[in-house]
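> File follows, target.cif with mmCIF, C-alpha atoms:
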```cif
data_target
loop_
_atom_site.label_atom_id
_atom_site.label_comp_id
_atom_site.auth_asym_id
_atom_site.auth_seq_id
_atom_site.Cartn_x
_atom_site.Cartn_y
_atom_site.Cartn_z
CA MET U 1 82.37 93.59 105.81
CA ARG U 2 83.11 93.41 109.55
CA GLN U 3 79.67 91.93 110.20
CA MET U 4 80.42 89.26 107.58
CA LEU U 5 83.79 88.43 109.12
CA LEU U 6 82.28 88.16 112.59
CA THR U 7 79.62 85.86 111.19
CA PHE U 8 82.38 83.55 110.01
CA ALA U 9 83.80 83.61 113.53
CA LEU U 10 80.46 82.54 114.98
CA LEU U 11 80.24 79.74 112.44
CA ALA U 12 83.70 78.59 113.44
CA ALA U 13 82.67 78.53 117.09
CA THR U 14 79.40 76.66 116.65
CA ALA U 15 79.20 74.59 113.45
CA GLN U 16 79.94 70.87 113.55
CA ALA U 17 81.22 71.05 117.14
CA GLU U 18 81.86 67.64 118.66
CA ASP U 19 82.73 68.72 122.20
CA GLY U 20 81.50 71.53 124.43
CA TRP U 21 83.00 73.67 127.13
CA ASP U 22 81.95 71.05 129.69
CA ASP U 23 84.47 68.63 128.16
CA TRP U 24 87.37 71.06 128.50
CA GLU U 25 89.58 69.68 131.27
CA THR U 26 90.66 72.21 133.85
CA GLY U 27 92.50 70.03 136.36
CA GLY U 28 96.11 68.96 136.68
CA TRP U 29 97.81 72.33 137.07
CA GLU U 30 99.80 71.20 140.13
CA ALA U 31 100.92 67.93 138.53
CA GLU U 32 102.28 69.66 135.43
CA ALA U 33 103.75 72.73 137.13
CA GLU U 34 106.95 70.88 138.05
CA SER U 35 107.92 70.50 134.37
CA ALA U 36 106.60 73.88 133.23
CA PHE U 37 108.57 76.91 132.03
CA PRO U 38 111.65 75.49 130.30
CA LEU U 39 114.02 78.33 129.39
CA TYR U 40 116.07 78.70 126.23
CA GLY U 41 117.07 81.41 123.76
CA PHE U 42 120.16 83.07 122.28
CA ALA U 43 122.57 85.98 122.51
CA GLU U 44 123.42 87.79 119.28
CA PHE U 45 125.75 90.58 118.23
CA GLY U 46 125.33 92.33 114.90
CA VAL U 47 127.36 95.00 113.12
CA GLY U 48 126.79 96.68 109.78
CA SER U 49 128.14 99.54 107.71
CA ARG U 50 127.06 101.51 104.67
CA LEU U 51 129.19 100.76 101.67
CA GLU U 52 129.60 104.47 100.91
CA PRO U 53 129.32 107.61 103.07
CA SER U 54 125.80 109.05 103.21
CA PRO U 55 124.93 112.73 103.61
CA TYR U 56 121.90 111.71 105.69
CA HIS U 57 123.24 109.21 108.27
CA GLU U 58 126.37 107.97 109.99
CA ARG U 59 128.37 105.21 108.30
CA ILE U 60 127.34 102.54 110.85
CA SER U 61 123.99 101.00 109.86
CA LEU U 62 123.74 98.16 112.41
CA SER U 63 125.08 97.87 115.95
CA ASP U 64 122.96 95.40 117.92
CA ALA U 65 123.47 93.50 121.14
CA ARG U 66 120.45 91.23 121.67
CA VAL U 67 119.39 88.58 124.19
CA ARG U 68 116.34 86.37 123.52
CA LEU U 69 114.64 84.32 126.22
CA GLU U 70 111.87 81.84 125.38
CA THR U 71 109.65 79.42 127.19
CA ASP U 72 106.67 77.36 126.14
CA GLY U 73 104.67 74.41 127.31
CA GLN U 74 101.28 73.34 128.54
CA LEU U 75 99.47 73.72 131.83
CA SER U 76 96.40 71.54 131.88
CA SER U 77 94.66 72.26 128.55
CA ILE U 78 96.28 75.65 128.01
CA GLN U 79 99.35 76.06 125.81
CA TYR U 80 101.56 79.03 126.56
CA THR U 81 104.42 80.70 124.68
CA ALA U 82 106.62 83.58 125.77
CA LYS U 83 109.45 85.07 123.70
CA GLY U 84 111.14 88.25 124.80
CA ASP U 85 114.04 90.31 123.40
CA LEU U 86 116.26 92.76 125.20
CA LEU U 87 118.09 94.86 122.62
CA TYR U 88 120.71 97.57 122.78
CA ASP U 89 120.61 99.48 119.49
CA GLY U 90 123.94 101.27 119.15
CA VAL U 91 122.86 103.20 116.04
CA LEU U 92 120.05 104.96 117.93
CA ASP U 93 121.81 104.58 121.32
CA GLU U 94 118.63 103.08 122.78
CA TRP U 95 117.60 100.10 124.88
CA ASP U 96 114.48 98.29 123.79
CA ALA U 97 112.57 95.42 125.40
CA GLN U 98 110.05 93.67 123.17
CA ALA U 99 107.71 90.73 123.68
CA ARG U 100 107.92 88.83 120.40
CA GLU U 101 105.24 86.48 121.64
CA LEU U 102 103.18 86.30 124.83
CA SER U 103 100.21 84.10 124.10
CA LEU U 104 97.82 81.49 125.45
CA GLY U 105 96.15 78.81 123.35
CA PHE U 106 93.32 76.42 124.11
CA SER U 107 90.65 74.34 122.35
CA PRO U 108 87.17 74.84 123.81
CA ARG U 109 85.80 72.46 121.15
CA SER U 110 87.39 69.62 119.23
CA ASN U 111 87.27 71.61 115.99
CA LEU U 112 88.10 75.05 117.38
CA ASP U 113 91.45 76.48 118.51
CA VAL U 114 91.82 79.84 120.21
CA LYS U 115 95.07 81.78 120.55
CA LEU U 116 95.15 85.16 122.23
CA GLY U 117 97.84 87.63 123.15
CA ARG U 118 100.95 88.92 121.38
CA GLN U 119 101.85 86.75 118.41
CA VAL U 120 103.39 86.76 114.94
CA MET U 121 100.94 85.84 112.19
CA THR U 122 101.43 85.21 108.50
CA TRP U 123 99.66 83.66 105.51
CA GLY U 124 99.71 83.84 101.73
CA THR U 125 102.03 82.25 99.16
CA GLY U 126 104.47 85.03 98.23
CA ASP U 127 108.20 84.99 99.02
CA TYR U 128 108.83 88.47 100.50
CA LEU U 129 105.73 89.68 98.58
CA PHE U 130 102.57 90.16 100.61
CA LEU U 131 99.27 90.53 98.78
CA ASN U 132 96.79 89.17 101.32
CA ASP U 133 99.09 89.07 104.35
CA LEU U 134 98.16 92.32 106.07
CA PHE U 135 99.87 91.53 109.36
CA ALA U 136 102.60 93.85 110.63
CA LYS U 137 106.08 93.80 109.03
CA ASP U 138 109.35 95.38 110.12
CA TRP U 139 110.87 96.85 106.95
CA GLN U 140 113.63 98.64 108.82
CA ALA U 141 114.93 95.32 110.19
CA PHE U 142 114.69 93.76 106.72
CA PHE U 143 116.83 96.41 105.05
CA ILE U 144 119.60 96.75 107.68
CA GLY U 145 120.56 93.08 108.02
CA ARG U 146 118.70 91.77 111.06
CA ASP U 147 117.60 88.13 111.00
CA ASN U 148 114.77 87.42 108.54
CA GLU U 149 112.62 86.39 111.52
CA TYR U 150 112.29 90.08 112.40
CA LEU U 151 110.60 90.97 109.11
CA LYS U 152 107.41 89.57 110.67
CA ALA U 153 106.47 91.92 113.51
CA PRO U 154 104.25 90.89 116.45
CA GLN U 155 100.80 92.24 117.19
CA ASP U 156 98.24 91.76 119.96
CA ALA U 157 95.38 89.69 118.59
CA VAL U 158 92.71 87.07 119.15
CA ARG U 159 92.98 84.25 116.62
CA LEU U 160 90.26 81.66 116.04
CA SER U 161 90.91 78.54 113.93
CA GLY U 162 87.97 76.32 113.02
CA TYR U 163 88.28 72.97 111.24
CA PHE U 164 85.33 71.65 109.25
CA ASP U 165 84.59 69.11 106.52
CA TRP U 166 83.92 71.81 103.95
CA ALA U 167 86.92 74.05 104.76
CA ASN U 168 89.07 75.46 107.54
CA VAL U 169 88.51 79.01 108.79
CA GLU U 170 90.88 81.43 110.52
CA LEU U 171 89.81 84.78 111.92
CA ALA U 172 92.31 87.22 113.47
CA TRP U 173 91.02 90.26 115.36
CA THR U 174 93.50 92.94 116.42
CA PRO U 175 91.76 95.28 118.91
CA GLU U 176 94.18 98.15 118.18
CA PHE U 177 95.57 98.75 114.69
CA THR U 178 99.22 97.66 114.46
CA PRO U 179 101.18 99.30 111.61
CA ASP U 180 104.36 98.13 109.98
CA ASN U 181 107.65 99.34 111.37
CA TYR U 182 107.75 101.47 108.24
CA LEU U 183 110.58 103.53 106.76
CA ARG U 184 110.58 106.90 108.51
CA ALA U 185 114.10 108.21 107.74
CA GLU U 186 115.51 107.70 111.23
CA ARG U 187 117.74 104.82 110.03
CA LEU U 188 117.38 104.83 106.25
CA SER U 189 117.13 107.85 103.97
CA LEU U 190 114.07 107.90 101.73
CA PHE U 191 112.16 110.09 99.29
CA ASN U 192 109.64 112.53 100.76
CA PRO U 193 107.13 113.67 98.10
CA VAL U 194 106.09 116.69 100.19
CA ALA U 195 109.69 117.93 100.41
CA GLY U 196 110.41 116.76 96.87
CA SER U 197 113.75 115.29 97.91
CA LEU U 198 115.47 112.60 99.95
CA ILE U 199 115.34 113.06 103.71
CA GLY U 200 117.41 111.63 106.55
CA GLU U 201 117.60 111.48 110.32
CA ALA U 202 117.10 115.23 110.77
CA GLN U 203 113.69 115.02 109.04
CA ALA U 204 112.55 111.69 110.55
CA PHE U 205 108.79 111.50 111.10
CA THR U 206 106.16 109.45 112.88
CA ALA U 207 102.78 109.00 111.21
CA LEU U 208 99.39 109.54 112.84
CA GLU U 209 97.87 106.16 113.73
CA PRO U 210 94.14 105.40 113.76
CA ASP U 211 92.61 104.28 117.04
CA GLU U 212 90.65 101.42 115.51
CA ASP U 213 90.77 97.65 115.19
CA GLU U 214 91.60 95.24 112.34
CA LEU U 215 89.97 92.03 111.11
CA ALA U 216 91.58 89.41 108.89
CA LEU U 217 89.96 86.26 107.51
CA ARG U 218 91.25 83.15 105.76
CA VAL U 219 89.16 80.23 104.47
CA TYR U 220 91.25 77.38 103.08
CA ARG U 221 91.20 73.69 102.12
CA ASN U 222 93.10 71.13 100.09
CA LEU U 223 91.72 69.41 97.00
CA GLY U 224 94.17 66.57 96.59
CA SER U 225 97.57 68.25 96.15
CA LEU U 226 95.98 71.64 95.36
CA GLU U 227 95.96 74.17 98.21
CA LEU U 228 93.23 76.84 97.91
CA ALA U 229 92.63 79.84 100.14
CA PHE U 230 90.36 82.90 100.20
CA TYR U 231 91.08 86.02 102.22
CA GLY U 232 89.42 89.13 103.61
CA TYR U 233 90.74 92.12 105.53
CA ASP U 234 89.19 95.24 107.02
CA GLY U 235 91.54 97.84 108.48
CA TYR U 236 94.13 100.28 107.17
CA THR U 237 97.19 100.39 104.94
CA LYS U 238 100.07 99.03 107.01
CA SER U 239 102.47 101.80 105.98
CA PRO U 240 101.54 105.52 105.94
CA MET U 241 100.33 106.04 102.36
CA ALA U 242 97.97 108.96 103.06
CA LEU U 243 98.05 112.54 104.28
CA SER U 244 95.76 113.75 107.05
CA GLU U 245 93.27 116.59 106.61
CA PRO U 246 94.69 119.67 108.40
CA ASP U 247 92.61 120.90 111.35
CA ALA U 248 93.52 124.53 110.65
CA PRO U 249 94.88 126.50 107.69
CA THR U 250 98.27 126.86 109.37
CA VAL U 251 98.68 123.12 110.11
CA ASN U 252 100.49 121.01 107.53
CA PRO U 253 99.07 117.61 106.53
CA GLN U 254 100.68 114.71 108.37
CA PRO U 255 101.47 111.21 107.08
CA THR U 256 98.79 108.73 108.15
CA PHE U 257 97.15 105.41 107.25
CA ALA U 258 94.29 105.08 104.79
CA PRO U 259 91.22 102.88 105.39
CA LEU U 260 91.58 99.66 103.42
CA ARG U 261 89.56 96.57 102.57
CA VAL U 262 91.09 93.59 100.81
CA TRP U 263 89.58 90.52 99.15
CA GLY U 264 91.82 87.88 97.65
CA ALA U 265 92.59 84.25 96.85
CA SER U 266 95.60 81.99 96.39
CA ALA U 267 96.44 78.56 95.01
CA ARG U 268 99.51 76.34 95.28
CA SER U 269 100.17 72.97 93.66
CA PRO U 270 102.98 70.66 92.52
CA VAL U 271 103.65 70.93 88.79
CA GLY U 272 106.21 68.60 87.26
CA THR U 273 109.27 68.59 89.49
CA GLY U 274 108.44 71.94 91.08
CA LEU U 275 105.82 73.91 92.95
CA ILE U 276 103.68 76.64 91.40
CA ASN U 277 101.75 79.31 93.30
CA ALA U 278 99.36 82.07 92.27
CA GLU U 279 97.75 84.84 94.29
CA VAL U 280 95.44 87.76 93.61
CA ALA U 281 94.13 90.57 95.82
CA TYR U 282 91.93 93.63 95.39
CA HIS U 283 93.03 96.48 97.67
CA ASP U 284 89.99 98.71 97.99
CA SER U 285 90.80 102.26 99.10
CA THR U 286 87.34 102.79 100.58
CA GLU U 287 87.55 106.58 100.97
CA ASP U 288 88.81 107.25 97.42
CA SER U 289 86.59 105.19 95.15
CA GLU U 290 87.04 107.64 92.24
CA GLY U 291 90.79 108.01 92.62
CA ASN U 292 90.62 111.82 92.69
CA LYS U 293 91.83 112.50 96.25
CA PRO U 294 95.59 113.15 96.16
CA GLY U 295 95.94 112.61 99.90
CA LEU U 296 94.75 108.98 99.64
CA PRO U 297 96.07 105.97 97.74
CA ASN U 298 94.06 104.62 94.81
CA SER U 299 92.56 101.16 94.81
CA GLN U 300 94.72 98.44 93.25
CA TRP U 301 94.58 94.97 91.82
CA ARG U 302 97.63 92.92 92.79
CA GLY U 303 98.66 89.61 91.24
CA LEU U 304 101.46 87.11 91.72
CA LEU U 305 102.64 84.01 89.87
CA GLY U 306 105.57 81.97 91.20
CA TYR U 307 107.45 78.75 90.54
CA GLU U 308 110.03 76.89 92.63
CA ARG U 309 112.06 73.74 91.98
CA GLU U 310 115.29 72.01 92.91
CA LEU U 311 117.80 72.49 90.09
CA MET U 312 120.25 69.95 91.47
CA ALA U 313 121.01 68.33 94.79
CA ARG U 314 120.73 70.97 97.55
CA LEU U 315 120.32 73.86 95.05
CA THR U 316 116.83 75.39 94.93
CA ALA U 317 115.65 78.19 92.63
CA SER U 318 112.43 80.18 92.42
CA VAL U 319 111.02 83.04 90.38
CA GLN U 320 108.02 85.31 90.96
CA LEU U 321 106.18 87.68 88.61
CA TYR U 322 104.25 90.42 90.41
CA LEU U 323 101.88 93.14 89.16
CA GLU U 324 100.25 96.17 90.81
CA HIS U 325 97.49 97.68 88.66
CA THR U 326 96.34 101.09 89.93
CA GLN U 327 92.66 101.89 89.37
CA ASN U 328 91.57 105.31 88.08
CA HIS U 329 95.14 106.15 87.13
CA ALA U 330 94.15 109.07 84.90
CA ALA U 331 92.26 110.68 87.80
CA LEU U 332 95.29 110.12 90.03
CA LEU U 333 97.58 112.00 87.64
CA ALA U 334 95.03 114.76 87.05
CA HIS U 335 94.63 115.54 90.76
CA SER U 336 98.17 114.90 91.98
CA PRO U 337 100.33 117.94 92.81
CA ASN U 338 103.34 115.95 91.52
CA PRO U 339 102.17 113.55 88.80
CA GLU U 340 105.76 112.85 87.74
CA TRP U 341 106.31 111.04 91.06
CA GLU U 342 103.20 108.88 90.92
CA PRO U 343 103.63 105.15 90.22
CA GLU U 344 103.05 103.67 86.79
CA GLN U 345 99.54 102.35 86.25
CA ASN U 346 101.06 98.87 85.97
CA ARG U 347 104.02 98.43 88.30
CA THR U 348 105.81 95.18 87.57
CA LEU U 349 108.29 93.30 89.70
CA VAL U 350 110.34 90.15 89.12
CA THR U 351 112.05 88.25 91.94
CA THR U 352 114.55 85.40 91.83
CA HIS U 353 115.79 83.30 94.72
CA LEU U 354 118.73 80.87 94.70
CA SER U 355 119.61 78.83 97.80
CA TRP U 356 122.34 76.18 98.25
CA ARG U 357 123.22 74.04 101.29
CA ASP U 358 126.29 71.90 101.72
CA ALA U 359 126.04 68.16 102.35
CA ARG U 360 126.63 68.59 106.12
CA ASP U 361 123.90 71.26 106.34
CA ARG U 362 126.34 73.70 107.92
CA LEU U 363 126.77 76.27 105.15
CA THR U 364 123.93 78.01 103.31
CA LEU U 365 124.50 80.46 100.45
CA SER U 366 121.57 82.43 99.07
CA LEU U 367 120.78 85.24 96.69
CA PHE U 368 117.42 87.00 96.55
CA GLY U 369 116.85 89.66 93.91
CA PHE U 370 114.05 92.15 93.24
CA TYR U 371 113.88 93.96 89.90
CA SER U 372 111.12 96.27 88.68
CA PRO U 373 111.05 96.70 84.87
CA SER U 374 108.50 99.51 85.19
CA ASP U 375 110.42 101.47 87.87
CA ARG U 376 113.87 100.42 86.61
CA ASP U 377 115.08 99.79 90.14
CA GLY U 378 115.90 96.81 92.32
CA HIS U 379 117.34 95.24 95.43
CA LEU U 380 119.86 92.37 95.78
CA ARG U 381 120.31 90.33 98.98
CA PRO U 382 123.30 87.94 98.85
CA ALA U 383 123.70 86.12 102.19
CA LEU U 384 125.83 83.48 103.91
CA ASP U 385 124.90 81.44 106.99
CA TYR U 386 127.35 79.08 108.70
CA ARG U 387 126.63 76.82 111.67
CA PHE U 388 129.78 75.95 113.64
CA ASP U 389 127.91 73.59 115.97
CA ASP U 390 124.53 73.31 117.70
CA HIS U 391 125.17 76.55 119.59
CA LEU U 392 127.30 78.95 117.54
CA SER U 393 126.39 80.36 114.11
CA LEU U 394 127.42 83.21 111.84
CA SER U 395 125.41 85.19 109.27
CA ALA U 396 126.69 87.77 106.79
CA GLY U 397 125.28 89.54 103.77
CA LEU U 398 124.70 92.63 101.69
CA ASN U 399 121.75 94.91 100.98
CA LEU U 400 122.34 96.42 97.53
CA PHE U 401 119.91 98.97 96.06
CA PHE U 402 119.86 100.58 92.63
CA GLY U 403 117.51 102.75 90.58
CA GLU U 404 117.37 105.48 87.97
CA GLU U 405 114.94 107.73 89.89
CA ALA U 406 115.10 108.84 93.53
CA HIS U 407 111.31 108.60 94.00
CA THR U 408 110.89 104.88 93.18
CA PHE U 409 110.71 102.37 96.03
CA PHE U 410 114.17 100.82 95.69
CA GLY U 411 115.74 103.84 93.97
CA GLN U 412 115.17 105.99 97.06
CA LEU U 413 117.27 103.58 99.14
CA GLU U 414 120.43 103.71 97.01
CA ASP U 415 122.37 105.68 99.65
CA ASN U 416 121.62 102.93 102.20
CA GLN U 417 123.58 100.05 100.65
CA ASN U 418 125.13 98.10 103.50
CA ALA U 419 127.04 95.02 104.59
CA TYR U 420 126.33 93.23 107.88
CA LEU U 421 127.68 90.45 110.10
CA ARG U 422 125.90 88.68 112.98
CA MET U 423 127.17 86.11 115.51
CA ARG U 424 124.65 84.08 117.53
CA TYR U 425 125.07 81.75 120.48
CA SER U 426 121.98 79.63 121.17
CA PHE U 427 121.31 77.98 124.52
#
```
What would you get if you wrote out this structure as structure tokens?

Amino acid sequence: MRQMLLTFALLAATAQAEDGWDDWETGGWEAEAESAFPLYGFAEFGVGSRLEPSPYHERISLSDARVRLETDGQLSSIQYTAKGDLLYDGVLDEWDAQARELSLGFSPRSNLDVKLGRQVMTWGTGDYLFLNDLFAKDWQAFFIGRDNEYLKAPQDAVRLSGYFDWANVELAWTPEFTPDNYLRAERLSLFNPVAGSLIGEAQAFTALEPDEDELALRVYRNLGSLELAFYGYDGYTKSPMALSEPDAPTVNPQPTFAPLRVWGASARSPVGTGLINAEVAYHDSTEDSEGNKPGLPNSQWRGLLGYERELMARLTASVQLYLEHTQNHAALLAHSPNPEWEPEQNRTLVTTHLSWRDARDRLTLSLFGFYSPSDRDGHLRPALDYRFDDHLSLSAGLNLFFGEEAHTFFGQLEDNQNAYLRMRYSF
């Protein structure tokens, strides 16, 4: 598969090229340097608390002081972007400096763009559901009330975008595998199938990460108002869904990431007064083709159907129907040490999203809900955003979890229900 993806990259770099490297202008750095490096950003303070005491963590769930600095522009034919955060995390009592983006972009040919460096990447049609988007996510930020921007995590990559008559092609190569900022119990309690119970900060873990690269491919085009895309991915599961093979009899297996290949497609089109989208993906667990290795996830088919429309002026609603079909489910149950904790063969999920803005575009009220009929669990995200002026804004909301079983995805998070408030000053 990697050879096939690299072949697409070569096609993007050579086919139907109108201009060569000799036409790429390299002068003018001194003339443009005077206007380069504009500086802007924001300062933000966030606080959050669990709604009920937890036996696994302190009551405070969010205590952030953050400063963001950004600059972007162009020097000659090179576009640059730099976004950096300095964060004090009061919950972990840690300082953290993170480059959200540090990238250079240029166009060596008229139909080819190149972007390299740290960047946030995303594609697919799902709303908070990611079938073919295998770029890094920050699930801890999502569940504790940080800005939705932080759900998409950065990674160091080379991204090629080719534009042709027959289709457009994007290839993203990440030299070193970048996992999700996955749930690891340091901030949010969760179910540990090895322990057979919920765990908290005292049992927090870090998974073993592979020292390999990732490749992601998208081929897309429009047919009138219909948007079509096809996807490929070669890498690893983004969250630790596997257990390592112990090197010695006395060593316990460790959480790790399973090799993964994904093929998929999506479509989006206006229908009536709304917008419909559909997406499908096959997640191929390449080292467990028979589904009989309990330390590895089984292959899955994943499907999504969504619809969005404006119900009335400034009120938008959407719904999504999602399915995960696990292959070789009987073999999974037969070889699992805890079959009662394995997922249903067909895990279903329904999401709804309501969003309303006032006439002055200052106040936004929203409600996003997840509910799984198969797992009988869910997650509700009511939120409020208010813009006082061009500089000062306020955000507040809740993360509500419920479920009948502690081992299901949302059910395990029930002790982590929280409320949050953030104030931001942009400059």
> Report as an MDAnalysis selection string the full result of the PyMOL selection byres ((chain U and resi 366-381) around 10) when it is applied to this structure.
chainID U and resid 127:128 143 145 315:323 343:357 364:365 382:385 397:414 417 419
> Between CA of Tyr386 (chain U) and CA of Leu51 (chain U), measure the distance and give it in Å to one decimal.
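We find that CA of Tyr386 (chain U) and CA of Leu51 (chain U) lie 22.9 Å from each other.
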> Would you kindly translate the PyMOL selection byres ((chain U and resi 238-243) around 8) into the concrete residues it picks from this file, as a ChimeraX atom specification?
/U:134-136,178-182,207,236-237,244-245,253-258,295-297
> When you count only C-alpha atoms, which of these residues is closest to Asn416 (chain U): U:Ile60, U:Val158, U:Ala281, U:Leu188?
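The answer is U:Leu188, which sits nearest to Asn416 (chain U).
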> Run through the PyMOL selection byres ((chain U and resi 119) around 12) on the given coordinates and return the selected residues as number ranges by chain.
U: 80-84, 98-105, 115-118, 120-122, 135-136, 152-159, 172-174, 178
> Kindly provide, as AutoDock Vina command-line options, the centre and edge lengths (Å, one decimal) of an axis-aligned box around all atoms of region 287-299 of chain U given in the file, with 3 Å on each side.

```
--center_x 91.3 --center_y 107.2 --center_z 96.6 --size_x 15.5 --size_y 18.0 --size_z 14.7
```
> Please, what distance in Å, to one decimal, runs between CA of Ala43 (chain U) and CA of Gly73 (chain U)?
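One can read the CA of Ala43 (chain U) to CA of Gly73 (chain U) distance as 21.8 Å.
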> Report, in Å with one decimal, the straight-line distance from CA of Pro210 (chain U) to CA of Trp301 (chain U).
24.3 Å
> Just checking: using all atoms listed in the file, which residue out of U:Arg302, U:Thr206, U:Asn132, U:Lys293 ends up closest to Val262 (chain U)?
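Under the stated criterion, the closest residue is U:Asn132.
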> Select, from U:Trp166, U:Ser289, U:Asn111, U:Arg309, the residue with the minimum atom-to-atom distance to Gly272 (chain U), counting only C-alpha atoms.
U:Arg309
> Please list as number ranges by chain every residue within 12 Å of region 44-50 of chain U, counting only C-alpha atoms and excluding residues in the same chain fewer than 5 positions away.
U: 55-69, 85-91, 141, 143-147, 187-189, 391-401, 413-427
> Rank U:Ala267, U:Ala278, U:Val194, U:Ala204 by their smallest atom-to-atom distance to Arg221 (chain U), using all atoms listed in the file, and report the top residue only.
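With all atoms listed in the file as the atom set, the closest residue is U:Ala267.
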> Generate the coordinates of N, CA and C atoms for region 377-391 of chain U; report them as a PDB file, keeping the file's coordinate frame.

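Written output follows (rebuild_4.pdb):
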```pdb
ATOM      1  N   ASP U 377     114.324  99.806  88.892  1.00  0.00           N
ATOM      2  CA  ASP U 377     115.080  99.790  90.140  1.00  0.00           C
ATOM      3  C   ASP U 377     115.068  98.374  90.711  1.00  0.00           C
ATOM      4  N   GLY U 378     115.844  98.149  91.765  1.00  0.00           N
ATOM      5  CA  GLY U 378     115.900  96.810  92.320  1.00  0.00           C
ATOM      6  C   GLY U 378     116.655  96.735  93.626  1.00  0.00           C
ATOM      7  N   HIS U 379     116.717  95.512  94.142  1.00  0.00           N
ATOM      8  CA  HIS U 379     117.340  95.240  95.430  1.00  0.00           C
ATOM      9  C   HIS U 379     117.913  93.823  95.391  1.00  0.00           C
ATOM     10  N   LEU U 380     119.201  93.672  95.742  1.00  0.00           N
ATOM     11  CA  LEU U 380     119.860  92.370  95.780  1.00  0.00           C
ATOM     12  C   LEU U 380     120.257  92.054  97.214  1.00  0.00           C
ATOM     13  N   ARG U 381     120.051  90.765  97.608  1.00  0.00           N
ATOM     14  CA  ARG U 381     120.310  90.330  98.980  1.00  0.00           C
ATOM     15  C   ARG U 381     121.152  89.050  98.987  1.00  0.00           C
ATOM     16  N   PRO U 382     122.445  89.121  98.674  1.00  0.00           N
ATOM     17  CA  PRO U 382     123.300  87.940  98.850  1.00  0.00           C
ATOM     18  C   PRO U 382     123.547  87.709 100.344  1.00  0.00           C
ATOM     19  N   ALA U 383     123.540  86.426 100.765  1.00  0.00           N
ATOM     20  CA  ALA U 383     123.700  86.120 102.190  1.00  0.00           C
ATOM     21  C   ALA U 383     124.424  84.803 102.369  1.00  0.00           C
ATOM     22  N   LEU U 384     125.101  84.685 103.509  1.00  0.00           N
ATOM     23  CA  LEU U 384     125.830  83.480 103.910  1.00  0.00           C
ATOM     24  C   LEU U 384     125.460  83.175 105.347  1.00  0.00           C
ATOM     25  N   ASP U 385     125.158  81.895 105.620  1.00  0.00           N
ATOM     26  CA  ASP U 385     124.900  81.440 106.990  1.00  0.00           C
ATOM     27  C   ASP U 385     125.762  80.207 107.241  1.00  0.00           C
ATOM     28  N   TYR U 386     126.485  80.219 108.373  1.00  0.00           N
ATOM     29  CA  TYR U 386     127.350  79.080 108.700  1.00  0.00           C
ATOM     30  C   TYR U 386     127.115  78.671 110.145  1.00  0.00           C
ATOM     31  N   ARG U 387     126.879  77.379 110.333  1.00  0.00           N
ATOM     32  CA  ARG U 387     126.630  76.820 111.670  1.00  0.00           C
ATOM     33  C   ARG U 387     127.877  76.063 112.119  1.00  0.00           C
ATOM     34  N   PHE U 388     128.576  76.601 113.133  1.00  0.00           N
ATOM     35  CA  PHE U 388     129.780  75.950 113.640  1.00  0.00           C
ATOM     36  C   PHE U 388     129.430  74.673 114.399  1.00  0.00           C
ATOM     37  N   ASP U 389     128.389  74.752 115.227  1.00  0.00           N
ATOM     38  CA  ASP U 389     127.910  73.590 115.970  1.00  0.00           C
ATOM     39  C   ASP U 389     126.463  73.876 116.358  1.00  0.00           C
ATOM     40  N   ASP U 390     125.934  73.137 117.316  1.00  0.00           N
ATOM     41  CA  ASP U 390     124.530  73.310 117.700  1.00  0.00           C
ATOM     42  C   ASP U 390     124.285  74.634 118.416  1.00  0.00           C
ATOM     43  N   HIS U 391     125.339  75.322 118.805  1.00  0.00           N
ATOM     44  CA  HIS U 391     125.170  76.550 119.590  1.00  0.00           C
ATOM     45  C   HIS U 391     125.605  77.809 118.818  1.00  0.00           C
TER      46      HIS U 391
END
```
